[in-house]
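Novice: File follows, data.csv with CSV, N, CA and C atoms:
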chain,number,residue,atom,x,y,z
A,163,ARG,N,18.2,-4.4,-46.2
A,163,ARG,CA,17.8,-5.6,-45.5
A,163,ARG,C,17.0,-5.2,-44.3
A,164,SER,N,16.0,-6.0,-44.0
A,164,SER,CA,15.1,-5.7,-42.9
A,164,SER,C,15.7,-5.9,-41.6
A,165,SER,N,16.9,-6.7,-41.5
A,165,SER,CA,17.6,-6.9,-40.2
A,165,SER,C,18.3,-5.6,-39.8
A,166,ASP,N,18.4,-4.7,-40.7
A,166,ASP,CA,19.1,-3.4,-40.3
A,166,ASP,C,18.1,-2.4,-39.8
A,167,LEU,N,16.9,-2.8,-39.6
A,167,LEU,CA,15.8,-1.9,-39.1
A,167,LEU,C,15.3,-2.4,-37.8
A,168,ALA,N,15.0,-1.5,-36.9
A,168,ALA,CA,14.4,-1.8,-35.6
A,168,ALA,C,13.0,-1.2,-35.7
A,169,HIS,N,12.0,-2.0,-35.6
A,169,HIS,CA,10.6,-1.5,-35.7
A,169,HIS,C,10.0,-1.3,-34.3
A,170,GLU,N,9.2,-0.2,-34.2
A,170,GLU,CA,8.6,0.2,-33.0
A,170,GLU,C,9.6,0.3,-31.8
A,171,SER,N,10.6,1.1,-32.0
A,171,SER,CA,11.7,1.2,-31.0
A,171,SER,C,11.2,2.2,-29.9
A,172,VAL,N,11.3,1.7,-28.7
A,172,VAL,CA,10.8,2.4,-27.5
A,172,VAL,C,11.8,2.5,-26.4
A,173,LEU,N,11.9,3.6,-25.7
A,173,LEU,CA,12.7,3.7,-24.5
A,173,LEU,C,11.7,3.8,-23.3
A,174,THR,N,11.9,2.9,-22.3
A,174,THR,CA,11.0,3.0,-21.1
A,174,THR,C,11.9,3.4,-20.0
A,175,ALA,N,11.5,4.4,-19.3
A,175,ALA,CA,12.3,4.9,-18.1
A,175,ALA,C,11.4,4.7,-16.9
A,176,SER,N,12.0,4.1,-15.9
A,176,SER,CA,11.2,3.9,-14.6
A,176,SER,C,11.9,4.7,-13.5
A,177,PHE,N,11.2,5.6,-12.9
A,177,PHE,CA,11.7,6.5,-11.9
A,177,PHE,C,11.5,6.1,-10.5
A,178,PRO,N,12.4,6.4,-9.5
A,178,PRO,CA,12.1,6.2,-8.1
A,178,PRO,C,11.0,7.1,-7.6
A,179,GLU,N,10.5,6.8,-6.4
A,179,GLU,CA,9.4,7.6,-5.8
A,179,GLU,C,9.7,9.1,-5.7
A,180,THR,N,11.0,9.4,-5.7
A,180,THR,CA,11.3,10.8,-5.5
A,180,THR,C,11.4,11.6,-6.8
A,181,LEU,N,11.2,11.0,-7.9
A,181,LEU,CA,11.2,11.6,-9.2
A,181,LEU,C,9.9,11.3,-10.0
A,182,LEU,N,9.4,12.3,-10.7
A,182,LEU,CA,8.2,12.1,-11.5
A,182,LEU,C,8.4,12.7,-12.9
A,183,TYR,N,8.0,12.0,-13.9
A,183,TYR,CA,8.1,12.5,-15.3
A,183,TYR,C,7.2,13.7,-15.4
A,184,SER,N,7.8,14.8,-16.1
A,184,SER,CA,7.1,16.0,-16.3
A,184,SER,C,6.9,16.4,-17.7
A,185,GLY,N,7.9,16.0,-18.6
A,185,GLY,CA,7.8,16.3,-20.0
A,185,GLY,C,9.0,15.9,-20.7
A,186,VAL,N,9.1,16.2,-22.0
A,186,VAL,CA,10.2,15.8,-22.9
A,186,VAL,C,10.6,17.0,-23.7
A,187,ARG,N,11.9,17.2,-24.0
A,187,ARG,CA,12.4,18.2,-24.8
A,187,ARG,C,13.3,17.6,-25.9
A,188,PRO,N,13.0,17.7,-27.1
A,188,PRO,CA,13.9,17.1,-28.2
A,188,PRO,C,15.1,18.0,-28.3
A,189,ALA,N,16.3,17.3,-28.6
A,189,ALA,CA,17.5,18.1,-28.8
A,189,ALA,C,17.6,18.7,-30.1
A,190,LEU,N,16.9,18.1,-31.1
A,190,LEU,CA,16.9,18.7,-32.5
A,190,LEU,C,15.4,18.9,-32.9
A,191,ASP,N,15.2,19.1,-34.1
A,191,ASP,CA,13.8,19.4,-34.6
A,191,ASP,C,13.0,18.1,-34.7
A,192,LYS,N,13.6,17.0,-34.5
A,192,LYS,CA,12.8,15.7,-34.6
A,192,LYS,C,11.9,15.6,-33.4
A,193,PRO,N,10.6,15.5,-33.6
A,193,PRO,CA,9.7,15.4,-32.4
A,193,PRO,C,9.8,14.0,-31.7
A,194,ILE,N,9.7,14.0,-30.4
A,194,ILE,CA,9.8,12.8,-29.6
A,194,ILE,C,8.4,12.7,-28.9
A,195,VAL,N,7.8,11.6,-29.0
A,195,VAL,CA,6.5,11.4,-28.3
A,195,VAL,C,6.7,10.5,-27.1
A,196,CYS,N,6.3,11.0,-25.9
A,196,CYS,CA,6.4,10.2,-24.7
A,196,CYS,C,5.1,10.2,-24.0
A,197,GLN,N,4.8,9.0,-23.4
A,197,GLN,CA,3.5,8.8,-22.7
A,197,GLN,C,3.9,8.2,-21.3
A,198,SER,N,3.3,8.8,-20.3
A,198,SER,CA,3.6,8.3,-18.9
A,198,SER,C,2.4,7.7,-18.3
A,199,ASN,N,2.6,6.9,-17.3
A,199,ASN,CA,1.5,6.3,-16.5
A,199,ASN,C,0.9,7.5,-15.7
A,200,GLU,N,-0.2,7.2,-15.0
A,200,GLU,CA,-1.0,8.2,-14.3
A,200,GLU,C,-0.2,9.0,-13.3
A,201,ASN,N,0.7,8.3,-12.5
A,201,ASN,CA,1.5,9.0,-11.5
A,201,ASN,C,2.9,9.5,-11.9
A,202,GLY,N,3.2,9.3,-13.2
A,202,GLY,CA,4.5,9.8,-13.7
A,202,GLY,C,5.7,9.0,-13.3
A,203,SER,N,5.5,7.8,-12.8
A,203,SER,CA,6.7,7.0,-12.4
A,203,SER,C,7.3,6.2,-13.5
A,204,VAL,N,6.6,6.0,-14.6
A,204,VAL,CA,7.1,5.3,-15.8
A,204,VAL,C,6.7,6.0,-17.0
A,205,VAL,N,7.7,6.2,-18.0
A,205,VAL,CA,7.4,6.9,-19.2
A,205,VAL,C,7.9,6.0,-20.4
A,206,GLU,N,7.2,6.0,-21.5
A,206,GLU,CA,7.6,5.3,-22.7
A,206,GLU,C,7.7,6.3,-23.8
A,207,CYS,N,8.9,6.4,-24.5
A,207,CYS,CA,9.2,7.3,-25.5
A,207,CYS,C,9.4,6.6,-26.8
A,208,GLU,N,8.7,6.9,-27.9
A,208,GLU,CA,8.8,6.3,-29.2
A,208,GLU,C,10.1,6.9,-29.8
A,209,LEU,N,11.0,6.1,-30.3
A,209,LEU,CA,12.3,6.5,-30.8
A,209,LEU,C,12.3,6.5,-32.3
A,210,GLY,N,11.5,5.7,-32.9
A,210,GLY,CA,11.5,5.6,-34.4
A,210,GLY,C,10.8,4.4,-34.9
A,211,ASN,N,10.2,4.5,-36.1
A,211,ASN,CA,9.6,3.3,-36.7
A,211,ASN,C,9.5,3.4,-38.2
A,212,PRO,N,10.4,2.8,-38.9
A,212,PRO,CA,11.5,1.9,-38.4
A,212,PRO,C,12.7,2.8,-38.0
A,213,MET,N,13.6,2.2,-37.3
A,213,MET,CA,14.8,2.9,-36.9
A,213,MET,C,16.0,2.2,-37.5
A,214,LYS,N,16.8,2.9,-38.3
A,214,LYS,CA,17.9,2.3,-39.0
A,214,LYS,C,19.1,2.0,-38.0
A,215,ARG,N,19.8,1.0,-38.4
A,215,ARG,CA,21.0,0.6,-37.6
A,215,ARG,C,21.9,1.8,-37.4
A,216,GLY,N,22.4,2.0,-36.2
A,216,GLY,CA,23.4,3.1,-35.9
A,216,GLY,C,22.8,4.4,-35.7
A,217,THR,N,21.5,4.5,-35.8
A,217,THR,CA,20.8,5.8,-35.6
A,217,THR,C,20.9,6.2,-34.1
A,218,GLU,N,21.2,7.5,-33.9
A,218,GLU,CA,21.2,8.1,-32.5
A,218,GLU,C,20.1,9.1,-32.4
A,219,VAL,N,19.4,9.0,-31.2
A,219,VAL,CA,18.3,9.9,-30.9
A,219,VAL,C,18.7,10.6,-29.6
A,220,THR,N,18.7,11.9,-29.6
A,220,THR,CA,19.0,12.7,-28.4
A,220,THR,C,17.7,13.5,-28.0
A,221,PHE,N,17.4,13.4,-26.7
A,221,PHE,CA,16.3,14.1,-26.2
A,221,PHE,C,16.4,14.2,-24.7
A,222,TYR,N,15.7,15.1,-24.0
A,222,TYR,CA,15.8,15.3,-22.6
A,222,TYR,C,14.5,15.0,-21.9
A,223,LEU,N,14.6,14.2,-20.9
A,223,LEU,CA,13.4,13.9,-20.1
A,223,LEU,C,13.4,15.0,-19.0
A,224,ILE,N,12.3,15.6,-18.8
A,224,ILE,CA,12.1,16.6,-17.8
A,224,ILE,C,11.4,16.0,-16.6
A,225,ILE,N,12.1,16.0,-15.4
A,225,ILE,CA,11.5,15.3,-14.3
A,225,ILE,C,11.3,16.3,-13.1
A,226,SER,N,10.3,16.0,-12.3
A,226,SER,CA,10.0,16.8,-11.1
A,226,SER,C,10.8,16.2,-10.0
A,227,THR,N,11.5,17.1,-9.3
A,227,THR,CA,12.3,16.7,-8.1
A,227,THR,C,11.7,17.1,-6.8
A,228,SER,N,10.4,17.5,-6.8
A,228,SER,CA,9.8,18.0,-5.6
A,228,SER,C,9.8,17.1,-4.4
A,229,ALA,N,9.9,15.8,-4.6
A,229,ALA,CA,9.9,14.8,-3.5
A,229,ALA,C,11.3,14.5,-3.0
A,230,ILE,N,12.3,15.1,-3.5
A,230,ILE,CA,13.7,14.9,-3.0
A,230,ILE,C,13.8,15.6,-1.6
A,231,THR,N,14.4,14.9,-0.6
A,231,THR,CA,14.6,15.4,0.7
A,231,THR,C,16.0,15.7,1.0
A,232,LEU,N,16.3,16.2,2.1
A,232,LEU,CA,17.7,16.5,2.5
A,232,LEU,C,18.5,15.2,2.7
A,233,GLU,N,17.8,14.1,2.9
A,233,GLU,CA,18.4,12.8,3.1
A,233,GLU,C,18.7,12.0,1.8
A,234,THR,N,18.2,12.6,0.7
A,234,THR,CA,18.4,11.9,-0.6
A,234,THR,C,19.9,12.1,-1.0
A,235,THR,N,20.5,10.9,-1.3
A,235,THR,CA,22.0,11.0,-1.7
A,235,THR,C,22.2,10.5,-3.1
A,236,ASP,N,21.3,9.8,-3.7
A,236,ASP,CA,21.4,9.3,-5.1
A,236,ASP,C,20.0,9.0,-5.6
A,237,LEU,N,20.0,9.0,-7.0
A,237,LEU,CA,18.7,8.7,-7.7
A,237,LEU,C,19.1,7.8,-8.8
A,238,ALA,N,18.3,6.7,-8.9
A,238,ALA,CA,18.5,5.7,-9.9
A,238,ALA,C,17.3,5.6,-10.8
A,239,VAL,N,17.6,5.6,-12.1
A,239,VAL,CA,16.5,5.5,-13.1
A,239,VAL,C,16.8,4.3,-14.0
A,240,ARG,N,15.9,3.4,-14.1
A,240,ARG,CA,16.0,2.2,-14.9
A,240,ARG,C,15.6,2.6,-16.4
A,241,LEU,N,16.5,2.3,-17.3
A,241,LEU,CA,16.3,2.5,-18.7
A,241,LEU,C,16.2,1.2,-19.5
A,242,GLN,N,15.2,1.0,-20.3
A,242,GLN,CA,15.0,-0.2,-21.1
A,242,GLN,C,14.6,0.1,-22.5
A,243,LEU,N,15.5,-0.3,-23.4
A,243,LEU,CA,15.2,-0.2,-24.9
A,243,LEU,C,14.4,-1.4,-25.3
A,244,SER,N,13.4,-1.2,-26.2
A,244,SER,CA,12.7,-2.4,-26.7
A,244,SER,C,12.3,-2.1,-28.1
A,245,THR,N,12.0,-3.2,-28.9
A,245,THR,CA,11.6,-3.2,-30.2
A,245,THR,C,10.9,-4.5,-30.5
A,246,ILE,N,10.0,-4.5,-31.6
A,246,ILE,CA,9.4,-5.7,-31.9
A,246,ILE,C,10.3,-6.6,-32.8
A,247,SER,N,11.4,-5.9,-33.3
A,247,SER,CA,12.4,-6.6,-34.1
A,247,SER,C,13.3,-7.5,-33.2
A,248,GLU,N,13.9,-8.5,-33.8
A,248,GLU,CA,14.8,-9.3,-33.0
A,248,GLU,C,16.0,-8.6,-32.6
A,249,GLN,N,16.2,-8.3,-31.3
A,249,GLN,CA,17.4,-7.6,-30.7
A,249,GLN,C,17.7,-8.3,-29.4
A,250,PRO,N,18.6,-9.3,-29.4
A,250,PRO,CA,18.8,-10.1,-28.2
A,250,PRO,C,19.7,-9.4,-27.1
A,251,ASP,N,20.3,-8.3,-27.4
A,251,ASP,CA,21.2,-7.6,-26.5
A,251,ASP,C,20.7,-6.3,-25.9
A,252,LEU,N,19.4,-6.2,-25.7
A,252,LEU,CA,18.8,-5.0,-25.2
A,252,LEU,C,18.5,-5.1,-23.7
A,253,ASP,N,19.6,-5.3,-22.9
A,253,ASP,CA,19.5,-5.4,-21.4
A,253,ASP,C,19.2,-4.1,-20.8
A,254,PRO,N,18.5,-4.0,-19.8
A,254,PRO,CA,18.2,-2.7,-19.1
A,254,PRO,C,19.5,-2.2,-18.5
A,255,ILE,N,19.6,-0.9,-18.3
A,255,ILE,CA,20.7,-0.2,-17.6
A,255,ILE,C,20.1,0.6,-16.5
A,256,VAL,N,20.8,0.9,-15.5
A,256,VAL,CA,20.4,1.8,-14.4
A,256,VAL,C,21.3,3.0,-14.4
A,257,ALA,N,20.8,4.2,-14.6
A,257,ALA,CA,21.5,5.4,-14.6
A,257,ALA,C,21.4,6.0,-13.2
A,258,VAL,N,22.6,6.2,-12.6
A,258,VAL,CA,22.6,6.7,-11.2
A,258,VAL,C,23.1,8.1,-11.2
A,259,ALA,N,22.5,9.0,-10.5
A,259,ALA,CA,22.9,10.4,-10.3
A,259,ALA,C,23.1,10.6,-8.8
A,260,TRP,N,24.3,11.1,-8.4
A,260,TRP,CA,24.5,11.5,-7.0
A,260,TRP,C,23.9,12.9,-6.7
A,261,VAL,N,23.3,13.0,-5.6
A,261,VAL,CA,22.6,14.3,-5.2
A,261,VAL,C,23.4,15.0,-4.2
A,262,VAL,N,23.7,16.3,-4.5
A,262,VAL,CA,24.3,17.2,-3.5
A,262,VAL,C,23.3,18.4,-3.4
A,263,ILE,N,22.9,18.6,-2.2
A,263,ILE,CA,22.0,19.7,-1.9
A,263,ILE,C,22.7,20.8,-1.2
A,264,GLU,N,22.8,22.0,-1.9
A,264,GLU,CA,23.4,23.1,-1.3
A,264,GLU,C,22.4,24.2,-1.0
A,265,LEU,N,22.4,24.7,0.2
A,265,LEU,CA,21.5,25.8,0.5
A,265,LEU,C,22.3,27.0,0.9
A,266,PRO,N,22.0,28.1,0.1
A,266,PRO,CA,22.8,29.3,0.5
A,266,PRO,C,22.3,29.9,1.8
A,267,LEU,N,23.2,30.4,2.6
A,267,LEU,CA,22.9,30.9,3.9
A,267,LEU,C,23.4,32.3,4.0
A,268,TYR,N,22.5,33.2,4.3
A,268,TYR,CA,22.8,34.7,4.5
A,268,TYR,C,22.4,35.1,5.9
A,269,VAL,N,23.3,35.8,6.6
A,269,VAL,CA,23.0,36.3,7.9
A,269,VAL,C,23.2,37.8,7.9
A,270,SER,N,22.2,38.5,8.3
A,270,SER,CA,22.3,39.9,8.4
A,270,SER,C,21.6,40.4,9.6
A,271,GLY,N,22.0,41.6,10.0
A,271,GLY,CA,21.4,42.2,11.2
A,271,GLY,C,22.2,43.4,11.7
A,272,VAL,N,21.8,43.8,12.9
A,272,VAL,CA,22.4,45.0,13.5
A,272,VAL,C,22.9,44.5,14.9
A,273,ALA,N,24.1,44.8,15.2
A,273,ALA,CA,24.7,44.5,16.5
A,273,ALA,C,24.2,45.5,17.5
A,274,ASN,N,23.8,45.1,18.7
A,274,ASN,CA,23.4,46.0,19.7
A,274,ASN,C,23.9,45.4,21.1
A,275,PRO,N,24.9,46.0,21.7
A,275,PRO,CA,25.6,47.2,21.5
A,275,PRO,C,26.4,47.2,20.2
A,276,ASN,N,27.1,48.3,19.9
A,276,ASN,CA,27.9,48.5,18.7
A,276,ASN,C,29.1,47.6,18.7
A,277,ARG,N,29.5,47.2,19.9
A,277,ARG,CA,30.8,46.4,20.0
A,277,ARG,C,30.4,44.9,20.3
A,278,LEU,N,31.0,44.0,19.6
A,278,LEU,CA,30.8,42.6,19.9
A,278,LEU,C,32.2,42.0,20.3
A,279,TYR,N,32.2,41.1,21.2
A,279,TYR,CA,33.4,40.4,21.7
A,279,TYR,C,33.2,39.0,21.4
A,280,PHE,N,34.2,38.3,21.0
A,280,PHE,CA,34.1,36.9,20.7
A,280,PHE,C,35.1,36.2,21.6
Translate the structure described by the file into structure tokens.
Specialist:
Amino acid sequence: RSSDLAHESVLTASFPETLLYSGVRPALDKPIVCQSNENGSVVECELGNPMKRGTEVTFYLIISTSAITLETTDLAVRLQLSTISEQPDLDPIVAVAWVVIELPLYVSGVANPNRLYF
């Protein structure tokens, strides 16, 4: 049945200003094609054409985090599935990642004089 197929299935990811799309890595041997806008804030990935009901596609979006600051506490990415087939329940979701920045601190030196008092 044609209702069991989703034609031109696409995932669109919209990133905040602190993240930029850098690339894609498929989880398996199936190639994934992604195209981003000029500044990398939005990327569209082709999932399959046609895509059978119940199909799962796994891949990894590689993002640049160079704009994250010490004040960044969370990152929200909007994910939207779309197809030209009739799919009334494809509402967007927002994936949120909490950010913890840890900086290693090393202190070294020589005490002068040899004795230190605290």
Novice: Could you pull the residues within 7 Å of Ile224 in chain A, counting all atoms listed in the file, minus those fewer than 4 positions along the same chain, as a ChimeraX atom specification?
Specialist: /A:182-187
Novice: Using only C-alpha atoms, which residue out of A:Cys207, A:Ile263, A:Glu170, A:Val256 lies closest to Leu237 in chain A?
Specialist: A:Val256
Novice: Using only N, CA and C atoms, find the one residue out of A:Pro250, A:Ser244, A:Asp166, A:Asp236 that sits nearest to Val262 in chain A.
Specialist: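 Smallest distance to Val262 in chain A is found for A:Asp236.
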Novice: Separation of atom C of Ile246 in chain A and atom C of Leu167 in chain A, in Å?
Specialist: 8.2 Å
Novice: For a test of reading the model, state the distance in Å between atom C of Gln242 in chain A and atom C of Val172 in chain A, rounded to one decimal.
Specialist: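 Computing it gives 5.4 Å between the two atoms.
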Novice: Quick one: DSSP strand (DSSP E or B) residues in range 171-234 of chain A, as a count of residues only?
Specialist: 32
Novice: Name the closest residue to Pro212 in chain A among the candidates A:Ala168, A:Ala229, A:Leu243, A:Ala257; distances are taken between atoms, counting only N, CA and C atoms.
Specialist: A:Ala168
Novice: Rounded to one decimal place, report the CA of Phe221 in chain A-atom C of Leu190 in chain A distance in Å.
Specialist: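 Atom C of Leu190 in chain A lies at a distance of 8.3 Å from CA of Phe221 in chain A.
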Novice: Quick one: residues within 6.5 Å of Cys196 in chain A, all atoms listed in the file counted, chain neighbours fewer than 6 positions away excluded, as a PDB file with N, CA and C atoms, keeping the file's coordinate frame?
Specialist:
ATOM      1  N   VAL A 205       7.700   6.200 -18.000  1.00  0.00           N
ATOM      2  CA  VAL A 205       7.400   6.900 -19.200  1.00  0.00           C
ATOM      3  C   VAL A 205       7.900   6.000 -20.400  1.00  0.00           C
ATOM      4  N   GLU A 206       7.200   6.000 -21.500  1.00  0.00           N
ATOM      5  CA  GLU A 206       7.600   5.300 -22.700  1.00  0.00           C
ATOM      6  C   GLU A 206       7.700   6.300 -23.800  1.00  0.00           C
ATOM      7  N   CYS A 207       8.900   6.400 -24.500  1.00  0.00           N
ATOM      8  CA  CYS A 207       9.200   7.300 -25.500  1.00  0.00           C
ATOM      9  C   CYS A 207       9.400   6.600 -26.800  1.00  0.00           C
ATOM     10  N   GLU A 208       8.700   6.900 -27.900  1.00  0.00           N
ATOM     11  CA  GLU A 208       8.800   6.300 -29.200  1.00  0.00           C
ATOM     12  C   GLU A 208      10.100   6.900 -29.800  1.00  0.00           C
TER      13      GLU A 208
END
Novice: Could you please fill out range 222-243 of chain A with N, CA, C and O atoms and send it back as an mmCIF file, keeping the file's coordinate frame?
Specialist:
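Once everything was written out, this is part31.cif:
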data_model
loop_
_atom_site.group_PDB
_atom_site.id
_atom_site.type_symbol
_atom_site.label_atom_id
_atom_site.label_comp_id
_atom_site.auth_asym_id
_atom_site.auth_seq_id
_atom_site.Cartn_x
_atom_site.Cartn_y
_atom_site.Cartn_z
ATOM 1 N N TYR A 222 15.700 15.100 -24.000
ATOM 2 C CA TYR A 222 15.800 15.300 -22.600
ATOM 3 C C TYR A 222 14.500 15.000 -21.900
ATOM 4 O O TYR A 222 13.482 15.560 -22.303
ATOM 5 N N LEU A 223 14.600 14.200 -20.900
ATOM 6 C CA LEU A 223 13.400 13.900 -20.100
ATOM 7 C C LEU A 223 13.400 15.000 -19.000
ATOM 8 O O LEU A 223 14.377 15.128 -18.277
ATOM 9 N N ILE A 224 12.300 15.600 -18.800
ATOM 10 C CA ILE A 224 12.100 16.600 -17.800
ATOM 11 C C ILE A 224 11.400 16.000 -16.600
ATOM 12 O O ILE A 224 10.370 15.361 -16.782
ATOM 13 N N ILE A 225 12.100 16.000 -15.400
ATOM 14 C CA ILE A 225 11.500 15.300 -14.300
ATOM 15 C C ILE A 225 11.300 16.300 -13.100
ATOM 16 O O ILE A 225 11.989 17.326 -13.018
ATOM 17 N N SER A 226 10.300 16.000 -12.300
ATOM 18 C CA SER A 226 10.000 16.800 -11.100
ATOM 19 C C SER A 226 10.800 16.200 -10.000
ATOM 20 O O SER A 226 10.800 15.033 -9.755
ATOM 21 N N THR A 227 11.500 17.100 -9.300
ATOM 22 C CA THR A 227 12.300 16.700 -8.100
ATOM 23 C C THR A 227 11.700 17.100 -6.800
ATOM 24 O O THR A 227 12.401 17.160 -5.788
ATOM 25 N N SER A 228 10.400 17.500 -6.800
ATOM 26 C CA SER A 228 9.800 18.000 -5.600
ATOM 27 C C SER A 228 9.800 17.100 -4.400
ATOM 28 O O SER A 228 9.658 17.485 -3.245
ATOM 29 N N ALA A 229 9.900 15.800 -4.600
ATOM 30 C CA ALA A 229 9.900 14.800 -3.500
ATOM 31 C C ALA A 229 11.300 14.500 -3.000
ATOM 32 O O ALA A 229 11.416 13.674 -2.046
ATOM 33 N N ILE A 230 12.300 15.100 -3.500
ATOM 34 C CA ILE A 230 13.700 14.900 -3.000
ATOM 35 C C ILE A 230 13.800 15.600 -1.600
ATOM 36 O O ILE A 230 13.288 16.668 -1.383
ATOM 37 N N THR A 231 14.400 14.900 -0.600
ATOM 38 C CA THR A 231 14.600 15.400 0.700
ATOM 39 C C THR A 231 16.000 15.700 1.000
ATOM 40 O O THR A 231 16.901 15.290 0.151
ATOM 41 N N LEU A 232 16.300 16.200 2.100
ATOM 42 C CA LEU A 232 17.700 16.500 2.500
ATOM 43 C C LEU A 232 18.500 15.200 2.700
ATOM 44 O O LEU A 232 19.718 15.125 2.637
ATOM 45 N N GLU A 233 17.800 14.100 2.900
ATOM 46 C CA GLU A 233 18.400 12.800 3.100
ATOM 47 C C GLU A 233 18.700 12.000 1.800
ATOM 48 O O GLU A 233 19.329 11.009 1.766
ATOM 49 N N THR A 234 18.200 12.600 0.700
ATOM 50 C CA THR A 234 18.400 11.900 -0.600
ATOM 51 C C THR A 234 19.900 12.100 -1.000
ATOM 52 O O THR A 234 20.407 13.176 -1.097
ATOM 53 N N THR A 235 20.500 10.900 -1.300
ATOM 54 C CA THR A 235 22.000 11.000 -1.700
ATOM 55 C C THR A 235 22.200 10.500 -3.100
ATOM 56 O O THR A 235 23.196 10.888 -3.699
ATOM 57 N N ASP A 236 21.300 9.800 -3.700
ATOM 58 C CA ASP A 236 21.400 9.300 -5.100
ATOM 59 C C ASP A 236 20.000 9.000 -5.600
ATOM 60 O O ASP A 236 19.060 8.814 -4.905
ATOM 61 N N LEU A 237 20.000 9.000 -7.000
ATOM 62 C CA LEU A 237 18.700 8.700 -7.700
ATOM 63 C C LEU A 237 19.100 7.800 -8.800
ATOM 64 O O LEU A 237 20.004 7.959 -9.537
ATOM 65 N N ALA A 238 18.300 6.700 -8.900
ATOM 66 C CA ALA A 238 18.500 5.700 -9.900
ATOM 67 C C ALA A 238 17.300 5.600 -10.800
ATOM 68 O O ALA A 238 16.180 5.461 -10.354
ATOM 69 N N VAL A 239 17.600 5.600 -12.100
ATOM 70 C CA VAL A 239 16.500 5.500 -13.100
ATOM 71 C C VAL A 239 16.800 4.300 -14.000
ATOM 72 O O VAL A 239 17.948 4.179 -14.504
ATOM 73 N N ARG A 240 15.900 3.400 -14.100
ATOM 74 C CA ARG A 240 16.000 2.200 -14.900
ATOM 75 C C ARG A 240 15.600 2.600 -16.400
ATOM 76 O O ARG A 240 14.516 3.084 -16.607
ATOM 77 N N LEU A 241 16.500 2.300 -17.300
ATOM 78 C CA LEU A 241 16.300 2.500 -18.700
ATOM 79 C C LEU A 241 16.200 1.200 -19.500
ATOM 80 O O LEU A 241 17.175 0.427 -19.398
ATOM 81 N N GLN A 242 15.200 1.000 -20.300
ATOM 82 C CA GLN A 242 15.000 -0.200 -21.100
ATOM 83 C C GLN A 242 14.600 0.100 -22.500
ATOM 84 O O GLN A 242 13.630 0.761 -22.739
ATOM 85 N N LEU A 243 15.500 -0.300 -23.400
ATOM 86 C CA LEU A 243 15.200 -0.200 -24.900
ATOM 87 C C LEU A 243 14.400 -1.400 -25.300
ATOM 88 O O LEU A 243 14.671 -2.536 -24.801
#
